[in-house]
Amino acid sequence: MNRGCQHCGELIVGNAYRVTSEDQGIALLDMVVCSLCFMEAKRLHLHAEEINLGSKQATSARNRESHRPRLGI
C-alpha cells in the first residue's frame with residue numbers, strides 16, 4: 001500500500017486519514033492524507049476521518065460507498 005499523502009506528497013508516518021467531499025451526492029474529493037493535511041481539511045470543514053491503511057475492510061467499505069446510486073433511483 002502506498003503510504004504517501006495524496007495532498008502534499010509526503011510519506012505518511014503514524015495515522016492516515018481519509019478526506020472526502022461531495023455535492024448533491026457526487027464525490028468531489030476522496031484522498032488519503034497525513035496528519036498535517038488532515039488538520040488543514042478539518043480547518044476547511046471537510047469531512048475527514050482516521051483510517052487503517054493496512055485494513056482491506058476499510059478499502060472495501062469505501063468502495064461499496066462509492067458505488068451507491070447517486071440519484072436515489
# chains A, B, ... in the order shown; residues from 1 in each chain; ligands from 1
call {"tool": "residues_around", "arguments": {"residues": "Ser35 of chain A", "least_positions_apart": "2", "cutoff": "12 Å", "atoms": "only C-alpha atoms", "output": "list in words"}}
result
Gly4, Cys5, Gln6, His7, Cys8, Glu10, Leu11, Ile12, Val13, Gly14, Asn15, Ala16, Tyr17, Arg18, Val19, Val32, Val33, Cys37, Phe38, Met39, Glu40, Ala41, Lys42, Ala48, Glu49, Glu50 and Ile51 of chain A
call {"tool": "write_last_selection", "arguments": {"atoms": "N, CA and C atoms", "output": "PDB file, in the first residue's frame"}}
result
ATOM      1  N   GLY A   4       2.033   7.393   0.898  1.00  0.00           N
ATOM      2  CA  GLY A   4       2.261   8.805   0.647  1.00  0.00           C
ATOM      3  C   GLY A   4       0.964   9.592   0.732  1.00  0.00           C
ATOM      4  N   CYS A   5       1.063  10.810   1.249  1.00  0.00           N
ATOM      5  CA  CYS A   5      -0.083  11.704   1.342  1.00  0.00           C
ATOM      6  C   CYS A   5      -0.506  12.132  -0.070  1.00  0.00           C
ATOM      7  N   GLN A   6      -1.776  11.990  -0.379  1.00  0.00           N
ATOM      8  CA  GLN A   6      -2.280  12.356  -1.698  1.00  0.00           C
ATOM      9  C   GLN A   6      -2.475  13.856  -1.853  1.00  0.00           C
ATOM     10  N   HIS A   7      -2.219  14.623  -0.801  1.00  0.00           N
ATOM     11  CA  HIS A   7      -2.325  16.069  -0.904  1.00  0.00           C
ATOM     12  C   HIS A   7      -0.950  16.727  -1.013  1.00  0.00           C
ATOM     13  N   CYS A   8      -0.066  16.440  -0.057  1.00  0.00           N
ATOM     14  CA  CYS A   8       1.249  17.095  -0.054  1.00  0.00           C
ATOM     15  C   CYS A   8       2.365  16.215  -0.604  1.00  0.00           C
ATOM     16  N   GLU A  10       4.052  13.913   0.955  1.00  0.00           N
ATOM     17  CA  GLU A  10       4.983  13.432   1.980  1.00  0.00           C
ATOM     18  C   GLU A  10       4.603  12.014   2.421  1.00  0.00           C
ATOM     19  N   LEU A  11       5.573  11.297   2.940  1.00  0.00           N
ATOM     20  CA  LEU A  11       5.354   9.971   3.480  1.00  0.00           C
ATOM     21  C   LEU A  11       4.454  10.078   4.710  1.00  0.00           C
ATOM     22  N   ILE A  12       3.445   9.214   4.796  1.00  0.00           N
ATOM     23  CA  ILE A  12       2.558   9.220   5.965  1.00  0.00           C
ATOM     24  C   ILE A  12       3.225   8.412   7.062  1.00  0.00           C
ATOM     25  N   VAL A  13       3.549   9.091   8.163  1.00  0.00           N
ATOM     26  CA  VAL A  13       4.140   8.463   9.337  1.00  0.00           C
ATOM     27  C   VAL A  13       3.098   8.565  10.437  1.00  0.00           C
ATOM     28  N   GLY A  14       2.711   7.448  10.989  1.00  0.00           N
ATOM     29  CA  GLY A  14       1.663   7.455  12.006  1.00  0.00           C
ATOM     30  C   GLY A  14       0.305   7.232  11.362  1.00  0.00           C
ATOM     31  N   ASN A  15      -0.682   7.959  11.835  1.00  0.00           N
ATOM     32  CA  ASN A  15      -2.053   7.759  11.374  1.00  0.00           C
ATOM     33  C   ASN A  15      -2.274   8.322   9.975  1.00  0.00           C
ATOM     34  N   ALA A  16      -3.171   7.666   9.247  1.00  0.00           N
ATOM     35  CA  ALA A  16      -3.606   8.149   7.936  1.00  0.00           C
ATOM     36  C   ALA A  16      -5.076   8.544   8.060  1.00  0.00           C
ATOM     37  N   TYR A  17      -5.491   9.446   7.209  1.00  0.00           N
ATOM     38  CA  TYR A  17      -6.856   9.975   7.278  1.00  0.00           C
ATOM     39  C   TYR A  17      -7.449  10.033   5.877  1.00  0.00           C
ATOM     40  N   ARG A  18      -8.757   9.816   5.788  1.00  0.00           N
ATOM     41  CA  ARG A  18      -9.461   9.950   4.524  1.00  0.00           C
ATOM     42  C   ARG A  18     -10.240  11.255   4.580  1.00  0.00           C
ATOM     43  N   VAL A  19     -10.062  12.090   3.562  1.00  0.00           N
ATOM     44  CA  VAL A  19     -10.776  13.357   3.440  1.00  0.00           C
ATOM     45  C   VAL A  19     -11.712  13.237   2.249  1.00  0.00           C
ATOM     46  N   VAL A  32      -6.414  10.116   0.677  1.00  0.00           N
ATOM     47  CA  VAL A  32      -5.769   9.636   1.898  1.00  0.00           C
ATOM     48  C   VAL A  32      -4.638  10.616   2.187  1.00  0.00           C
ATOM     49  N   VAL A  33      -4.659  11.177   3.397  1.00  0.00           N
ATOM     50  CA  VAL A  33      -3.725  12.253   3.723  1.00  0.00           C
ATOM     51  C   VAL A  33      -3.010  12.011   5.047  1.00  0.00           C
ATOM     52  N   CYS A  37      -2.181  17.468   6.796  1.00  0.00           N
ATOM     53  CA  CYS A  37      -3.218  17.764   5.802  1.00  0.00           C
ATOM     54  C   CYS A  37      -4.609  17.477   6.366  1.00  0.00           C
ATOM     55  N   PHE A  38      -4.711  16.494   7.279  1.00  0.00           N
ATOM     56  CA  PHE A  38      -5.964  16.225   7.979  1.00  0.00           C
ATOM     57  C   PHE A  38      -6.393  17.454   8.779  1.00  0.00           C
ATOM     58  N   MET A  39      -5.445  18.048   9.496  1.00  0.00           N
ATOM     59  CA  MET A  39      -5.775  19.240  10.289  1.00  0.00           C
ATOM     60  C   MET A  39      -6.227  20.389   9.386  1.00  0.00           C
ATOM     61  N   GLU A  40      -5.587  20.534   8.238  1.00  0.00           N
ATOM     62  CA  GLU A  40      -5.995  21.569   7.286  1.00  0.00           C
ATOM     63  C   GLU A  40      -7.403  21.291   6.750  1.00  0.00           C
ATOM     64  N   ALA A  41      -7.691  20.026   6.463  1.00  0.00           N
ATOM     65  CA  ALA A  41      -9.025  19.654   5.979  1.00  0.00           C
ATOM     66  C   ALA A  41     -10.088  19.980   7.029  1.00  0.00           C
ATOM     67  N   LYS A  42      -9.807  19.668   8.288  1.00  0.00           N
ATOM     68  CA  LYS A  42     -10.765  19.985   9.352  1.00  0.00           C
ATOM     69  C   LYS A  42     -10.957  21.493   9.474  1.00  0.00           C
ATOM     70  N   ALA A  48     -13.434  14.408   7.393  1.00  0.00           N
ATOM     71  CA  ALA A  48     -12.166  13.699   7.497  1.00  0.00           C
ATOM     72  C   ALA A  48     -12.247  12.725   8.656  1.00  0.00           C
ATOM     73  N   GLU A  49     -11.702  11.523   8.442  1.00  0.00           N
ATOM     74  CA  GLU A  49     -11.718  10.507   9.481  1.00  0.00           C
ATOM     75  C   GLU A  49     -10.449   9.665   9.413  1.00  0.00           C
ATOM     76  N   GLU A  50     -10.053   9.143  10.567  1.00  0.00           N
ATOM     77  CA  GLU A  50      -8.867   8.292  10.629  1.00  0.00           C
ATOM     78  C   GLU A  50      -9.180   6.961   9.962  1.00  0.00           C
ATOM     79  N   ILE A  51      -8.205   6.421   9.248  1.00  0.00           N
ATOM     80  CA  ILE A  51      -8.373   5.116   8.605  1.00  0.00           C
ATOM     81  C   ILE A  51      -7.172   4.244   8.932  1.00  0.00           C
TER      82      ILE A  51
END
call {"tool": "atom_distance", "arguments": {"atom1": "atom CA of Ala27 of chain A", "atom2": "atom CA of Arg43 of chain A"}}
result
19.7 Å
